[in-house]
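Enquirer: Pasting a structure below so you can have a look.
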Amino acid sequence: MLDNDLDMFTGTENWTKHQFGALLFTDGIKHLREAANCFWLVDAIASHQSDALDKKADGFQLWLFESNGKGGGTLTCRADTGTKPFVTQEIEFTDFPFDQFREPLKLYVEGVGRPQGMQVSGRVLLLPSER
């Protein structure tokens, strides 16, 4: 199962800058994008990044992606589990492999100054196991 593969990522050796420029991501996210063919999912998260969202989330964003049971999914961002979402985006159709996960996909975005070796500052998208 893909979620077992993702659990093996416990840190990162490389920081990849997203094409939108407002987001960096880890080796685990890079693996997820390629293994699940969900480049669009990282694009969706990157498209919501803003100072206003950082402020609402107090520097930590919990992103959940879960099946809607009708061939699509719901992407949400909140400050923590059980809190009201700041962002909700309905994905009408997706081929995301929900069956490869025991629970909804959980990702984090954390604000950082400057990761070692990077020339830019930014927010970092990472797997829970990489935190």
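Ligands are numbered from 1 in the order shown, chains are lettered A, B, ... in the order of the structure tokens, and residues start at 1 in each chain.
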Do you know which residues are at most 7 Å from Leu126 in chain A counting only C-alpha atoms, after dropping those on the same chain fewer than 4 positions away, and could you put them as a list in words?

Expert: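 Residues near the query, excluding close chain neighbours: Phe25, Thr26, Gly28, Ile29, Leu107, Tyr108, Val109 and Glu130 of chain A.
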
Enquirer: Any chance you can output those residues with all heavy atoms as a PDB file, in the first residue's frame?

Expert:
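Result written to out-v1.pdb:
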ATOM      1  N   PHE A  25       8.842  21.471  -1.284  1.00  0.00           N
ATOM      2  CA  PHE A  25       8.354  20.184  -0.805  1.00  0.00           C
ATOM      3  C   PHE A  25       9.495  19.192  -0.668  1.00  0.00           C
ATOM      4  O   PHE A  25      10.574  19.368  -1.213  1.00  0.00           O
ATOM      5  CB  PHE A  25       7.184  19.636  -1.633  1.00  0.00           C
ATOM      6  CG  PHE A  25       7.433  19.485  -3.103  1.00  0.00           C
ATOM      7  CD1 PHE A  25       7.963  18.314  -3.616  1.00  0.00           C
ATOM      8  CD2 PHE A  25       7.108  20.505  -3.984  1.00  0.00           C
ATOM      9  CE1 PHE A  25       8.173  18.161  -4.979  1.00  0.00           C
ATOM     10  CE2 PHE A  25       7.301  20.368  -5.344  1.00  0.00           C
ATOM     11  CZ  PHE A  25       7.843  19.192  -5.844  1.00  0.00           C
ATOM     12  N   THR A  26       9.229  18.157   0.093  1.00  0.00           N
ATOM     13  CA  THR A  26      10.223  17.186   0.520  1.00  0.00           C
ATOM     14  C   THR A  26      10.301  15.988  -0.435  1.00  0.00           C
ATOM     15  O   THR A  26       9.481  15.840  -1.342  1.00  0.00           O
ATOM     16  CB  THR A  26       9.871  16.675   1.916  1.00  0.00           C
ATOM     17  OG1 THR A  26       8.572  16.058   1.842  1.00  0.00           O
ATOM     18  CG2 THR A  26       9.852  17.802   2.944  1.00  0.00           C
ATOM     19  N   GLY A  28       9.513  12.981   0.321  1.00  0.00           N
ATOM     20  CA  GLY A  28       8.292  12.191   0.482  1.00  0.00           C
ATOM     21  C   GLY A  28       7.156  12.697  -0.380  1.00  0.00           C
ATOM     22  O   GLY A  28       6.415  11.918  -0.989  1.00  0.00           O
ATOM     23  N   ILE A  29       7.012  14.008  -0.471  1.00  0.00           N
ATOM     24  CA  ILE A  29       5.972  14.594  -1.324  1.00  0.00           C
ATOM     25  C   ILE A  29       6.302  14.325  -2.788  1.00  0.00           C
ATOM     26  O   ILE A  29       5.407  14.002  -3.586  1.00  0.00           O
ATOM     27  CB  ILE A  29       5.820  16.100  -1.054  1.00  0.00           C
ATOM     28  CG1 ILE A  29       5.342  16.349   0.378  1.00  0.00           C
ATOM     29  CG2 ILE A  29       4.889  16.735  -2.075  1.00  0.00           C
ATOM     30  CD1 ILE A  29       3.980  15.789   0.711  1.00  0.00           C
ATOM     31  N   LEU A 107      -1.411  15.757   4.966  1.00  0.00           N
ATOM     32  CA  LEU A 107      -0.171  16.451   4.647  1.00  0.00           C
ATOM     33  C   LEU A 107      -0.077  17.704   5.503  1.00  0.00           C
ATOM     34  O   LEU A 107      -1.104  18.228   5.952  1.00  0.00           O
ATOM     35  CB  LEU A 107      -0.145  16.848   3.161  1.00  0.00           C
ATOM     36  CG  LEU A 107      -0.340  15.724   2.150  1.00  0.00           C
ATOM     37  CD1 LEU A 107      -0.455  16.289   0.735  1.00  0.00           C
ATOM     38  CD2 LEU A 107       0.809  14.730   2.233  1.00  0.00           C
ATOM     39  N   TYR A 108       1.139  18.178   5.716  1.00  0.00           N
ATOM     40  CA  TYR A 108       1.362  19.390   6.501  1.00  0.00           C
ATOM     41  C   TYR A 108       2.044  20.451   5.649  1.00  0.00           C
ATOM     42  O   TYR A 108       2.849  20.131   4.780  1.00  0.00           O
ATOM     43  CB  TYR A 108       2.281  19.119   7.690  1.00  0.00           C
ATOM     44  CG  TYR A 108       1.788  18.130   8.699  1.00  0.00           C
ATOM     45  CD1 TYR A 108       2.687  17.350   9.410  1.00  0.00           C
ATOM     46  CD2 TYR A 108       0.435  17.958   8.983  1.00  0.00           C
ATOM     47  CE1 TYR A 108       2.264  16.438  10.365  1.00  0.00           C
ATOM     48  CE2 TYR A 108       0.002  17.042   9.929  1.00  0.00           C
ATOM     49  CZ  TYR A 108       0.924  16.293  10.626  1.00  0.00           C
ATOM     50  OH  TYR A 108       0.500  15.390  11.565  1.00  0.00           O
ATOM     51  N   VAL A 109       1.752  21.698   5.937  1.00  0.00           N
ATOM     52  CA  VAL A 109       2.527  22.820   5.428  1.00  0.00           C
ATOM     53  C   VAL A 109       2.978  23.615   6.645  1.00  0.00           C
ATOM     54  O   VAL A 109       2.160  23.984   7.492  1.00  0.00           O
ATOM     55  CB  VAL A 109       1.717  23.731   4.482  1.00  0.00           C
ATOM     56  CG1 VAL A 109       2.519  24.978   4.122  1.00  0.00           C
ATOM     57  CG2 VAL A 109       1.331  22.981   3.210  1.00  0.00           C
ATOM     58  N   GLU A 130       7.637  13.029   8.081  1.00  0.00           N
ATOM     59  CA  GLU A 130       8.829  13.835   7.835  1.00  0.00           C
ATOM     60  C   GLU A 130       8.965  15.008   8.801  1.00  0.00           C
ATOM     61  O   GLU A 130       9.934  15.732   8.761  1.00  0.00           O
ATOM     62  CB  GLU A 130       8.816  14.376   6.392  1.00  0.00           C
ATOM     63  CG  GLU A 130       8.960  13.308   5.360  1.00  0.00           C
ATOM     64  CD  GLU A 130       8.893  13.857   3.954  1.00  0.00           C
ATOM     65  OE1 GLU A 130       7.882  14.506   3.609  1.00  0.00           O
ATOM     66  OE2 GLU A 130       9.853  13.621   3.210  1.00  0.00           O
TER      67      GLU A 130
END

Enquirer: Enumerate as a compact mmCIF listing (two decimals) with C-alpha atoms, in the first residue's frame all residues of range 1-121 of chain A assigned to alpha helix (DSSP H) by DSSP on the backbone, naming them with the chain letters and numbers the document uses.

Expert:
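That gives us states02.txt:
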# COMPACT_ATOMS: atom_id res chain seq x y z
CA LEU A 2 1.18 3.49 -0.84
CA ASP A 3 0.67 4.80 2.69
CA ASN A 4 3.17 2.19 3.93
CA ASP A 5 5.71 3.52 1.41
CA LEU A 6 5.14 7.07 2.61
CA ASP A 7 5.67 6.07 6.25
CA ASP A 27 11.41 13.87 -0.92
CA GLY A 28 8.29 12.19 0.48
CA ILE A 29 5.97 14.59 -1.32
CA LYS A 30 7.96 14.13 -4.52
CA HIS A 31 7.50 10.34 -4.16
CA LEU A 32 3.75 10.76 -3.52
CA ARG A 33 3.35 12.97 -6.62
CA GLU A 34 5.06 10.40 -8.82
CA ALA A 35 3.66 7.18 -7.28
CA PHE A 39 1.04 16.45 -9.39
CA TRP A 40 -2.26 18.36 -9.51
CA LEU A 41 -2.81 17.79 -5.77
CA VAL A 42 0.42 19.59 -4.86
CA ASP A 43 -0.53 22.31 -7.37
CA ALA A 44 -3.89 22.73 -5.62
CA ILE A 45 -2.24 23.10 -2.21
CA ALA A 46 0.34 25.52 -3.62
CA SER A 47 -2.40 27.63 -5.21
CA ASP A 51 0.13 35.15 4.17
CA ALA A 52 -3.54 35.35 5.15
CA LEU A 53 -3.82 31.55 5.30
CA ASP A 54 -0.59 31.35 7.34
CA LYS A 55 -2.06 33.84 9.79
CA LYS A 56 -5.36 31.96 10.11
CA ALA A 57 -3.52 28.67 10.62

Enquirer: Which value, in Å to one decimal, gives the distance between CA of Met8 in chain A and CA of Asp99 in chain A?

Expert: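 Answer for the CA of Met8 in chain A to CA of Asp99 in chain A separation: 18.7 Å.
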
Enquirer: Find the distance between CA of Lys84 in chain A and CA of Cys38 in chain A and write it in Å to one decimal.

Expert: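 Separation between CA of Lys84 in chain A and CA of Cys38 in chain A: 25.3 Å.
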
Enquirer: Counting only C-alpha atoms, which residue out of A:Leu64, A:Phe96, A:Glu110, A:Arg123 sits closest to Ala36 in chain A?

Expert: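 Among A:Leu64, A:Phe96, A:Glu110, A:Arg123, it is A:Phe96 that comes nearest to Ala36 in chain A.
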
Enquirer: May I have the residues within 12 Å of Gly71 in chain A as a list in words, using only C-alpha atoms and disregarding those fewer than 2 positions away in the same chain?

Expert: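 Those residues are Glu66, Ser67, Asn68, Gly69, Gly73, Thr74, Glu90, Ile91, Glu92, Phe93, Thr94, Asp95, Phe96, Pro97, Phe98 and Asp99 of chain A.
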
Enquirer: Using only C-alpha atoms, pick whichever of A:Thr81, A:Gly72, A:Gln49, A:Met1 has the shortest atom-to-atom distance to Leu24 in chain A.

Expert: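 The closest residue to Leu24 in chain A is A:Gln49.
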
Enquirer: Report as a list in words all protein, DNA and RNA residues lying within 9 Å of Gly111 in chain A, evaluated on only C-alpha atoms, omitting residues in the same chain fewer than 5 positions from it.

Expert: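 Those residues are Asp54, Gly59, Phe60, Gln61, Ser121, Gly122, Arg123 and Val124 of chain A.
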
Enquirer: Between CA of Arg78 in chain A and CA of Arg131 in chain A, what distance in Å does the model show, to one decimal?

Expert: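 Straight-line distance from CA of Arg78 in chain A to CA of Arg131 in chain A works out to 17.1 Å.
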
Enquirer: Could you pull out the strand (DSSP E or B) residues of range 14-130 of chain A from DSSP and send them as JSON, numbers by chain?

Expert: {"A": [16, 17, 23, 24, 25, 60, 61, 62, 63, 64, 65, 66, 67, 73, 74, 75, 76, 77, 78, 87, 88, 89, 90, 91, 105, 106, 107, 108, 109, 110, 111, 112, 122, 123, 124, 125, 126]}

Enquirer: Output C-alpha atoms of each residue in that selection to a file, as a short mmCIF file (atom, residue, chain, number, x, y, z; two decimals), in the first residue's frame.

Expert:
data_model
loop_
_atom_site.label_atom_id
_atom_site.label_comp_id
_atom_site.auth_asym_id
_atom_site.auth_seq_id
_atom_site.Cartn_x
_atom_site.Cartn_y
_atom_site.Cartn_z
CA THR A 16 12.16 20.93 -4.30
CA LYS A 17 10.77 24.34 -5.18
CA LEU A 23 6.03 26.31 -1.70
CA LEU A 24 8.91 23.91 -1.18
CA PHE A 25 8.35 20.18 -0.80
CA PHE A 60 0.84 25.30 10.59
CA GLN A 61 -1.57 23.93 7.98
CA LEU A 62 -3.12 20.46 8.12
CA TRP A 63 -4.29 19.38 4.66
CA LEU A 64 -6.64 16.39 4.27
CA PHE A 65 -7.71 14.78 1.03
CA GLU A 66 -10.51 12.26 1.21
CA SER A 67 -12.81 10.45 -1.15
CA GLY A 73 -12.61 14.01 -3.40
CA THR A 74 -12.55 16.86 -0.94
CA LEU A 75 -9.38 18.78 -0.11
CA THR A 76 -9.45 20.75 3.13
CA CYS A 77 -7.03 22.86 5.13
CA ARG A 78 -7.39 23.50 8.84
CA VAL A 87 -10.14 25.99 2.80
CA THR A 88 -12.45 23.43 1.20
CA GLN A 89 -11.99 22.48 -2.44
CA GLU A 90 -14.19 19.92 -4.13
CA ILE A 91 -12.48 17.79 -6.78
CA LEU A 105 -4.35 11.49 3.03
CA LYS A 106 -2.83 13.89 5.57
CA LEU A 107 -0.17 16.45 4.65
CA TYR A 108 1.36 19.39 6.50
CA VAL A 109 2.53 22.82 5.43
CA GLU A 110 4.86 24.59 7.80
CA GLY A 111 6.37 28.04 7.47
CA VAL A 112 10.16 28.15 7.52
CA GLY A 122 9.10 29.62 1.88
CA ARG A 123 6.54 27.25 3.19
CA VAL A 124 7.31 23.53 3.18
CA LEU A 125 4.83 20.79 2.23
CA LEU A 126 5.71 17.53 3.96
#
